[in-house]
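I have placed the structure first, in the form of structure tokens, so that the comments after it can refer back to it.
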Amino acid sequence: MATTTTTPSLESAEEVASKAIHKRYEGLIMVRDKAIKGKGAWYWTHFEPLLIYNTETGHPKAVKLRCSLCDSVFSASNPSRTASEHLKRGTCPNFNNNNNNNIVAKPICSVSPTSASVSVGVSHNKRSSSYNVSSSLVDPSYHVSTSVADLVPQQQQHLVLSGGKEDLGALAMLEDSVKKLKSPKLSSTWSILNKTQINSAFDFLADWVFESCGSVSFSFLEHSKFKAFLQQVGLPPVSAREFIGTRLDTKFEEAKVESEARIRDAMFFQISSDGWKHKSNTYGGEESLVNVIVNLPNGTSLYRKAVFITGSVPSIYAEEVLWETVTGICGNIVQQCVGIVTDRFKAKALKNLEEQNHWMVNLSCQYQGFNSLIKDFSKDLPLFRNVAQNCFKLGNFMNYNSQVRNCFHKFQLQEYRHAWLLRVPLRVFEGFNFGAIFHLVEDILSSVRALQMVLLDESFKIACIEDQNAREVGDMIRDIGFWNDLEAVHTLVKLVKDMAQEIENERPLVGQCLPLWNELRAKVKDWCSKFHIAEEPLVEKLIERRFKKNYHPAWAAAYILDPLYLVRDTSSRYLPPFKFLTPEQEKDVDKLITRLVSRDEAHIALMELMKWRTEGLDPVYAQAVQMKERDPVTGKMRIVNPQSSRLVWETYLTEFKSLGKVAVRLIFLHATSCGFKCNWSLWRYLRAHRHSRTALEKVQKLIFIAANSKLERKDFSSEEDKEVEIFSLENSEDDVLNDVLVDTSSV
């Protein structure tokens, strides 16, 4: 159990301040992005937030605003005032006060009939130049307005028609028809565009529809409003059947040809597959989409195929699917497949394939490994069980006692401006799934103040007299130990979840596995110290058990062979980090290298390994490989050229004939199998047409196109994640700025 003693925060004041400054910078960027899209102040088109770093510590130290017109830099404390002083009052030499966005635009209904126009950019070439179709596309007599009355000339608005005001719209349509008949050349505006321009425009439209992979319904293409939009911008109507038929087939063939060419161009590859782990999908049901992806040495990932499964599948089936994928790519030259990484079947399918093919390195997904730790903690740590039971009791009492619930909601409204039920699972520990309990823990921690105020309310005092559960819940809320335990569990779960999320986002290579687990051990040790966890030995034991389940000798070998992890010694040499390996891991390095080369080369490879251990890499090349730069979005330091680790072995370290062949095939391997995320619309379509071969083929093609597009953009988020992000931006600019300023002032 966690004791009631707490210790100071592990973060320094400078780190806290840096985080607050970075959050303020992100807030300003978000406000600017919204404003540029038309949902904010005019001056953001001229101001750009800058994050200033401390040259000694590398931490953010200030946020500034740069004027894009004259490059002047200002404090970001009050953008509105800066705009008034710098732009409106004429301080900026390049700002024209009469021709910029600060002039309020006239209402659209005030535009004269002859001035209404439409401008459409249509590309001749899908990737390059564009054409501008100007106002000649639109009937000059057409009125752009916000009301029916504005559609009718002023001299006719005083008419009294038998149908009342509703007749005004019909009258406008009548006059519009007469004008079109008088000017037949303008009756079909899209005829102004030539065939090449129309095809180019529809190519872009098709890319968007296909790459949305079900988020945009094909029936949407035949919606009356969308047809009206196409006509307005000068395009003919489209056929949903054509899009789901010939256009889909053509786009799929193009994507397939490009994918095959890239695979042929590579000397070897890795197969990545996720979705095997049995779980009910987010959209209700036992169906699962297994993604099969090909990882190339140059960092490119290509989607290969989707396999639809229902429920749990046997290991032998997964083994057959994976091996068929290998032979389908390289035929009889199966040595081109260096290995496989999956989210399941390490002990059976992956092990069998590795034993049958000595050159293969088959890994388990580290994202799944870290997430499985939470299951281990919830199953074996008494602290987790106690917190789960207490939260379950508190949540049920608050939700099901109507008088107390009403009181609780009253204080939630008072404190947080909205009320909610606590998310209580059906059972305390169903299958040791701590996910549902974690939501309840978050809800309780988010309602601390409201829960404390409930204890003081008269209705709760009356409930305590009549109900033993009420008294127990009251004692629980008053107990500081309960809140310490709750915070301890929440902190540990969030720590592991955050690391797992970072693994999913960053997609680390195999050489990073050992450093990742060492980082986890260090963070958990700090957690034990902070919360005075009496079960620290048990926590460490559970981590080691999960580590051994996921461990592969390739972790140690890649860590030693990847120049990215070379360590500078006292004589300025860059040597492999053997000192950070255990004796067992050192032996694993030798065994793996000898397994991956031929018998004749085994002793040569080990001799070259000894030379690599004692001589290492030229300092200049080592520094070039390890060179980092700051990511402008996240602020984190990243390797400038991730491919340099492999390229050094192929171009500079050519004296290591046998060891070099092992190194280049090993260090590029991915340690995660995280792949394409299926959206709700696609699941709905799959479940409706699961027995239709034609429908499943079309879904396969859609997924292939969309997944390869996402992998090329390195976009690993789902459409649902993006929707949540968009809706979270609904707060007004002032609210965002206020939050940013409050966070900064609290440091």
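Chain labels follow the order of the structure tokens: the first chain is A, the next B, and so on; residue numbering restarts at 1 in every chain, and ligands are counted from 1 in their shown order.
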
Report as CSV: every residue of segment 484-530 of chain A with an atom at most 12 Å from segment 294-314 of chain A, its closest pair of atoms, and their distance in Å to one decimal, counting only C-alpha atoms, with rows sorted by chain and ascending residue number.
residue,atom,partner,partner_atom,distance
A:Arg507,CA,A:Gly299,CA,10.7
A:Pro508,CA,A:Gly299,CA,11.2
A:Leu509,CA,A:Gly299,CA,10.1

Write out as a CSV table (one decimal) with N, CA and C atoms, in the first residue's frame all residues of segment 206-359 of chain A that backbone DSSP assigns to helix (DSSP H, G or I).
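This is the output file states.csv:
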chain,number,residue,atom,x,y,z
A,206,ALA,N,-11.2,12.0,-56.4
A,206,ALA,CA,-11.0,10.5,-56.1
A,206,ALA,C,-10.0,10.2,-55.1
A,207,ASP,N,-8.8,10.9,-55.1
A,207,ASP,CA,-7.8,10.7,-54.1
A,207,ASP,C,-8.3,10.9,-52.7
A,208,TRP,N,-9.1,12.0,-52.6
A,208,TRP,CA,-9.6,12.4,-51.3
A,208,TRP,C,-10.6,11.3,-50.8
A,209,VAL,N,-11.5,10.9,-51.7
A,209,VAL,CA,-12.6,9.9,-51.3
A,209,VAL,C,-11.9,8.6,-51.0
A,210,PHE,N,-11.0,8.1,-51.8
A,210,PHE,CA,-10.4,6.8,-51.6
A,210,PHE,C,-9.5,6.8,-50.3
A,211,GLU,N,-8.7,7.9,-50.1
A,211,GLU,CA,-7.8,7.9,-49.0
A,211,GLU,C,-8.6,8.1,-47.7
A,212,SER,N,-9.8,8.6,-47.7
A,212,SER,CA,-10.6,8.7,-46.5
A,212,SER,C,-11.1,7.3,-46.0
A,218,PHE,N,-19.6,7.0,-50.5
A,218,PHE,CA,-19.7,7.1,-52.0
A,218,PHE,C,-21.1,7.7,-52.4
A,219,SER,N,-22.1,7.4,-51.6
A,219,SER,CA,-23.4,8.0,-51.9
A,219,SER,C,-23.4,9.5,-51.8
A,220,PHE,N,-22.5,10.0,-51.0
A,220,PHE,CA,-22.3,11.5,-50.9
A,220,PHE,C,-22.1,12.2,-52.2
A,221,LEU,N,-21.4,11.4,-53.1
A,221,LEU,CA,-21.1,12.0,-54.5
A,221,LEU,C,-22.4,12.3,-55.2
A,222,GLU,N,-23.5,11.7,-54.9
A,222,GLU,CA,-24.7,11.9,-55.7
A,222,GLU,C,-25.8,12.7,-54.9
A,224,SER,N,-27.7,15.9,-53.6
A,224,SER,CA,-28.2,17.0,-54.4
A,224,SER,C,-27.3,18.3,-54.1
A,225,LYS,N,-27.0,18.5,-52.8
A,225,LYS,CA,-26.2,19.6,-52.5
A,225,LYS,C,-24.8,19.6,-53.1
A,226,PHE,N,-24.2,18.3,-53.1
A,226,PHE,CA,-22.9,18.2,-53.7
A,226,PHE,C,-22.9,18.4,-55.2
A,227,LYS,N,-24.0,17.9,-55.8
A,227,LYS,CA,-24.1,18.2,-57.2
A,227,LYS,C,-24.2,19.7,-57.5
A,228,ALA,N,-25.0,20.4,-56.7
A,228,ALA,CA,-25.1,21.8,-56.8
A,228,ALA,C,-23.8,22.5,-56.7
A,229,PHE,N,-23.0,22.0,-55.7
A,229,PHE,CA,-21.6,22.6,-55.5
A,229,PHE,C,-20.8,22.4,-56.8
A,230,LEU,N,-20.8,21.1,-57.3
A,230,LEU,CA,-20.0,20.9,-58.5
A,230,LEU,C,-20.4,21.8,-59.7
A,231,GLN,N,-21.7,22.0,-59.8
A,231,GLN,CA,-22.2,22.9,-60.9
A,231,GLN,C,-21.7,24.3,-60.7
A,232,GLN,N,-21.7,24.7,-59.4
A,232,GLN,CA,-21.4,26.1,-59.1
A,232,GLN,C,-19.9,26.4,-59.4
A,240,ALA,N,-21.3,7.8,-58.7
A,240,ALA,CA,-20.7,7.0,-57.6
A,240,ALA,C,-20.3,5.6,-58.1
A,241,ARG,N,-21.1,5.1,-59.0
A,241,ARG,CA,-20.7,3.8,-59.6
A,241,ARG,C,-19.3,3.8,-60.3
A,242,GLU,N,-19.1,4.9,-61.0
A,242,GLU,CA,-17.8,5.1,-61.7
A,242,GLU,C,-16.7,5.1,-60.7
A,243,PHE,N,-16.9,5.9,-59.6
A,243,PHE,CA,-15.8,6.0,-58.6
A,243,PHE,C,-15.5,4.6,-57.9
A,244,ILE,N,-16.6,3.9,-57.5
A,244,ILE,CA,-16.4,2.6,-56.9
A,244,ILE,C,-16.0,1.5,-57.8
A,245,GLY,N,-16.1,1.8,-59.1
A,245,GLY,CA,-15.8,0.9,-60.2
A,245,GLY,C,-14.5,1.1,-60.9
A,246,THR,N,-14.5,1.8,-62.0
A,246,THR,CA,-13.3,2.0,-62.8
A,246,THR,C,-12.3,2.8,-62.2
A,247,ARG,N,-12.7,3.9,-61.5
A,247,ARG,CA,-11.7,4.8,-60.9
A,247,ARG,C,-11.0,4.1,-59.8
A,248,LEU,N,-11.7,3.3,-58.9
A,248,LEU,CA,-11.1,2.6,-57.8
A,248,LEU,C,-10.1,1.6,-58.4
A,249,ASP,N,-10.5,0.8,-59.4
A,249,ASP,CA,-9.7,-0.2,-60.0
A,249,ASP,C,-8.4,0.4,-60.5
A,250,THR,N,-8.5,1.6,-61.2
A,250,THR,CA,-7.4,2.2,-61.8
A,250,THR,C,-6.4,2.7,-60.7
A,251,LYS,N,-7.0,3.4,-59.7
A,251,LYS,CA,-6.1,3.9,-58.6
A,251,LYS,C,-5.4,2.8,-57.9
A,252,PHE,N,-6.1,1.7,-57.7
A,252,PHE,CA,-5.5,0.5,-57.0
A,252,PHE,C,-4.4,0.0,-57.8
A,253,GLU,N,-4.6,-0.2,-59.1
A,253,GLU,CA,-3.5,-0.7,-60.0
A,253,GLU,C,-2.3,0.2,-59.9
A,254,GLU,N,-2.5,1.5,-60.0
A,254,GLU,CA,-1.4,2.5,-59.9
A,254,GLU,C,-0.6,2.3,-58.6
A,255,ALA,N,-1.4,2.2,-57.5
A,255,ALA,CA,-0.7,2.1,-56.2
A,255,ALA,C,0.0,0.8,-56.1
A,256,LYS,N,-0.6,-0.3,-56.6
A,256,LYS,CA,0.1,-1.6,-56.5
A,256,LYS,C,1.4,-1.6,-57.3
A,257,VAL,N,1.3,-1.1,-58.5
A,257,VAL,CA,2.5,-1.1,-59.4
A,257,VAL,C,3.7,-0.3,-58.7
A,258,GLU,N,3.3,0.9,-58.1
A,258,GLU,CA,4.3,1.7,-57.4
A,258,GLU,C,4.9,0.9,-56.2
A,259,SER,N,4.0,0.2,-55.5
A,259,SER,CA,4.5,-0.5,-54.3
A,259,SER,C,5.4,-1.7,-54.7
A,260,GLU,N,5.0,-2.4,-55.7
A,260,GLU,CA,5.8,-3.5,-56.2
A,260,GLU,C,7.2,-3.1,-56.7
A,261,ALA,N,7.2,-1.9,-57.3
A,261,ALA,CA,8.5,-1.4,-57.8
A,261,ALA,C,9.4,-1.0,-56.7
A,262,ARG,N,8.9,-0.4,-55.6
A,262,ARG,CA,9.7,-0.1,-54.5
A,262,ARG,C,10.2,-1.3,-53.7
A,263,ILE,N,9.4,-2.3,-53.7
A,263,ILE,CA,9.9,-3.6,-53.0
A,263,ILE,C,11.0,-4.2,-53.8
A,264,ARG,N,10.8,-4.3,-55.1
A,264,ARG,CA,11.8,-4.9,-56.0
A,264,ARG,C,13.2,-4.1,-55.9
A,265,ASP,N,13.1,-2.8,-55.7
A,265,ASP,CA,14.3,-2.0,-55.6
A,265,ASP,C,15.1,-2.2,-54.4
A,315,SER,N,-2.6,-20.3,-34.0
A,315,SER,CA,-1.3,-19.9,-34.3
A,315,SER,C,-0.9,-20.4,-35.7
A,316,ILE,N,-1.3,-21.6,-36.0
A,316,ILE,CA,-0.9,-22.2,-37.3
A,316,ILE,C,-1.4,-21.4,-38.5
A,317,TYR,N,-2.6,-20.8,-38.3
A,317,TYR,CA,-3.2,-20.0,-39.4
A,317,TYR,C,-2.4,-18.7,-39.6
A,318,ALA,N,-2.0,-18.1,-38.5
A,318,ALA,CA,-1.2,-16.9,-38.6
A,318,ALA,C,0.1,-17.2,-39.3
A,319,GLU,N,0.7,-18.3,-38.9
A,319,GLU,CA,2.0,-18.8,-39.5
A,319,GLU,C,1.9,-18.9,-41.0
A,320,GLU,N,0.8,-19.5,-41.4
A,320,GLU,CA,0.5,-19.8,-42.9
A,320,GLU,C,0.4,-18.4,-43.6
A,321,VAL,N,-0.4,-17.5,-43.0
A,321,VAL,CA,-0.6,-16.2,-43.7
A,321,VAL,C,0.7,-15.5,-43.8
A,322,LEU,N,1.5,-15.5,-42.8
A,322,LEU,CA,2.7,-14.7,-42.8
A,322,LEU,C,3.7,-15.3,-43.8
A,323,TRP,N,3.8,-16.6,-43.9
A,323,TRP,CA,4.7,-17.3,-44.8
A,323,TRP,C,4.3,-17.1,-46.2
A,324,GLU,N,3.0,-17.2,-46.5
A,324,GLU,CA,2.4,-16.9,-47.8
A,324,GLU,C,2.7,-15.5,-48.3
A,325,THR,N,2.7,-14.6,-47.3
A,325,THR,CA,3.1,-13.2,-47.7
A,325,THR,C,4.6,-13.1,-48.1
A,326,VAL,N,5.4,-13.8,-47.4
A,326,VAL,CA,6.8,-13.8,-47.7
A,326,VAL,C,7.1,-14.4,-49.1
A,327,THR,N,6.5,-15.6,-49.4
A,327,THR,CA,6.7,-16.2,-50.7
A,327,THR,C,6.0,-15.4,-51.8
A,328,GLY,N,4.9,-14.7,-51.4
A,328,GLY,CA,4.2,-14.0,-52.5
A,328,GLY,C,5.0,-12.8,-52.9
A,329,ILE,N,5.9,-12.3,-52.1
A,329,ILE,CA,6.8,-11.1,-52.4
A,329,ILE,C,8.0,-11.5,-53.1
A,330,CYS,N,8.7,-12.5,-52.6
A,330,CYS,CA,10.1,-12.9,-53.2
A,330,CYS,C,10.2,-14.3,-53.7
A,334,VAL,N,13.6,-16.6,-50.5
A,334,VAL,CA,13.0,-16.2,-49.2
A,334,VAL,C,14.0,-15.5,-48.3
A,335,GLN,N,15.3,-15.6,-48.6
A,335,GLN,CA,16.3,-15.0,-47.7
A,335,GLN,C,16.1,-13.4,-47.7
A,336,GLN,N,15.4,-12.9,-48.7
A,336,GLN,CA,15.2,-11.5,-48.8
A,336,GLN,C,14.4,-11.0,-47.6
A,346,LYS,N,4.4,-14.8,-30.6
A,346,LYS,CA,5.9,-14.9,-30.5
A,346,LYS,C,6.3,-16.3,-30.2
A,347,ALA,N,5.6,-16.9,-29.2
A,347,ALA,CA,6.0,-18.2,-28.7
A,347,ALA,C,5.8,-19.4,-29.7
A,348,LYS,N,4.9,-19.2,-30.6
A,348,LYS,CA,4.6,-20.3,-31.5
A,348,LYS,C,5.0,-20.0,-33.0
A,349,ALA,N,4.1,-19.2,-33.6
A,349,ALA,CA,4.3,-19.0,-35.1
A,349,ALA,C,5.6,-18.4,-35.4
A,350,LEU,N,6.0,-17.3,-34.7
A,350,LEU,CA,7.2,-16.6,-34.9
A,350,LEU,C,8.4,-17.5,-34.6
A,351,LYS,N,8.3,-18.2,-33.5
A,351,LYS,CA,9.4,-19.1,-33.2
A,351,LYS,C,9.6,-20.2,-34.2
A,352,ASN,N,8.5,-20.8,-34.7
A,352,ASN,CA,8.6,-21.9,-35.7
A,352,ASN,C,9.3,-21.4,-37.0
A,353,LEU,N,8.8,-20.2,-37.4
A,353,LEU,CA,9.4,-19.7,-38.7
A,353,LEU,C,10.8,-19.3,-38.5
A,354,GLU,N,11.2,-18.9,-37.3
A,354,GLU,CA,12.7,-18.6,-37.1
A,354,GLU,C,13.5,-19.8,-37.0
A,355,GLU,N,13.0,-20.9,-36.4
A,355,GLU,CA,13.7,-22.1,-36.4
A,355,GLU,C,13.9,-22.8,-37.7
A,356,GLN,N,12.8,-22.6,-38.6
A,356,GLN,CA,12.9,-23.2,-39.9
A,356,GLN,C,13.7,-22.4,-40.9

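Of the residues listed (A:Phe656, A:Tyr25, A:Tyr43, A:Phe411), A:Phe411 shows the shortest atom-to-atom separation from Leu455 of chain A; distances use only C-alpha atoms.
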
message = Quick one: residues within 12 Å of Tyr400 of chain A, only C-alpha atoms, excluding same-chain residues fewer than 6 positions away - as a ChimeraX atom specification?
response = /A:392-394,406,408,421-422,424,469-470

Go ahead and write the selection's residues with N, CA, C and O atoms as a tab-separated table (two decimals), in the first residue's frame.
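Okay, again-v1.tsv is ready:
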chain	number	residue	atom	x	y	z
A	392	PHE	N	-14.67	1.18	-7.19
A	392	PHE	CA	-15.91	0.52	-7.61
A	392	PHE	C	-17.02	0.80	-6.59
A	392	PHE	O	-18.15	1.12	-6.96
A	393	LYS	N	-16.68	0.69	-5.31
A	393	LYS	CA	-17.67	0.95	-4.25
A	393	LYS	C	-18.11	2.41	-4.27
A	393	LYS	O	-19.31	2.72	-4.22
A	394	LEU	N	-17.16	3.33	-4.37
A	394	LEU	CA	-17.49	4.76	-4.37
A	394	LEU	C	-18.33	5.12	-5.60
A	394	LEU	O	-19.33	5.84	-5.50
A	406	ASN	N	-27.81	13.45	-6.94
A	406	ASN	CA	-28.27	14.81	-7.24
A	406	ASN	C	-27.40	15.85	-6.55
A	406	ASN	O	-27.08	16.89	-7.11
A	408	PHE	N	-24.26	15.37	-5.65
A	408	PHE	CA	-22.96	15.31	-6.33
A	408	PHE	C	-22.98	16.12	-7.62
A	408	PHE	O	-22.07	16.90	-7.90
A	421	LEU	N	-21.97	11.30	-14.77
A	421	LEU	CA	-21.93	10.08	-13.98
A	421	LEU	C	-20.52	9.52	-14.00
A	421	LEU	O	-19.80	9.66	-14.99
A	422	LEU	N	-20.13	8.89	-12.91
A	422	LEU	CA	-18.82	8.23	-12.88
A	422	LEU	C	-18.89	6.98	-13.74
A	422	LEU	O	-19.87	6.23	-13.72
A	424	VAL	N	-18.49	3.68	-14.16
A	424	VAL	CA	-18.30	2.47	-13.36
A	424	VAL	C	-18.45	1.25	-14.26
A	424	VAL	O	-19.47	1.10	-14.93
A	469	ASN	N	-23.15	1.71	3.73
A	469	ASN	CA	-22.29	2.02	2.58
A	469	ASN	C	-21.93	3.50	2.53
A	469	ASN	O	-20.81	3.88	2.18
A	470	ALA	N	-22.90	4.36	2.87
A	470	ALA	CA	-22.66	5.80	2.87
A	470	ALA	C	-21.57	6.16	3.87
A	470	ALA	O	-20.70	6.98	3.59

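Of the listed residues A:Lys375, A:Lys587, A:Lys277, A:Arg385, the one whose atoms come nearest to Arg546 of chain A is A:Lys375, with distances taken using only C-alpha atoms.
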
request  = Name all residues at most 10 Å from Arg423 of chain A (count only C-alpha atoms; drop same-chain ones fewer than 2 positions away) and give them as a PyMOL selection string.
outcome  = chain A and resi 392+395-396+399+420-421+425-426+436-444

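When only C-alpha atoms are used to compute distances to Ala20 of chain A, the closest of the residues A:Arg630, A:His409, A:His59, A:Arg638 turns out to be A:His59.
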
Hey, what does DSSP flag as strand (DSSP E or B) within segment 521-599 of chain A? Can you give it to me as a short mmCIF file (atom, residue, chain, number, x, y, z; two decimals) with N, CA and C atoms, in the first residue's frame?
data_model
loop_
_atom_site.label_atom_id
_atom_site.label_comp_id
_atom_site.auth_asym_id
_atom_site.auth_seq_id
_atom_site.Cartn_x
_atom_site.Cartn_y
_atom_site.Cartn_z
N ILE A 533 6.30 3.28 -2.20
CA ILE A 533 5.62 2.02 -2.48
C ILE A 533 6.32 0.88 -1.74
N VAL A 567 29.47 4.79 -27.74
CA VAL A 567 29.77 5.62 -26.57
C VAL A 567 31.20 6.15 -26.67
N ARG A 568 31.35 7.41 -26.40
CA ARG A 568 32.69 8.03 -26.47
C ARG A 568 33.45 7.70 -25.19
N TYR A 574 34.88 6.19 -30.27
CA TYR A 574 33.46 5.84 -30.18
C TYR A 574 33.34 4.32 -30.27
N LEU A 575 32.99 3.69 -29.14
CA LEU A 575 32.99 2.23 -29.04
C LEU A 575 31.58 1.70 -28.78
#
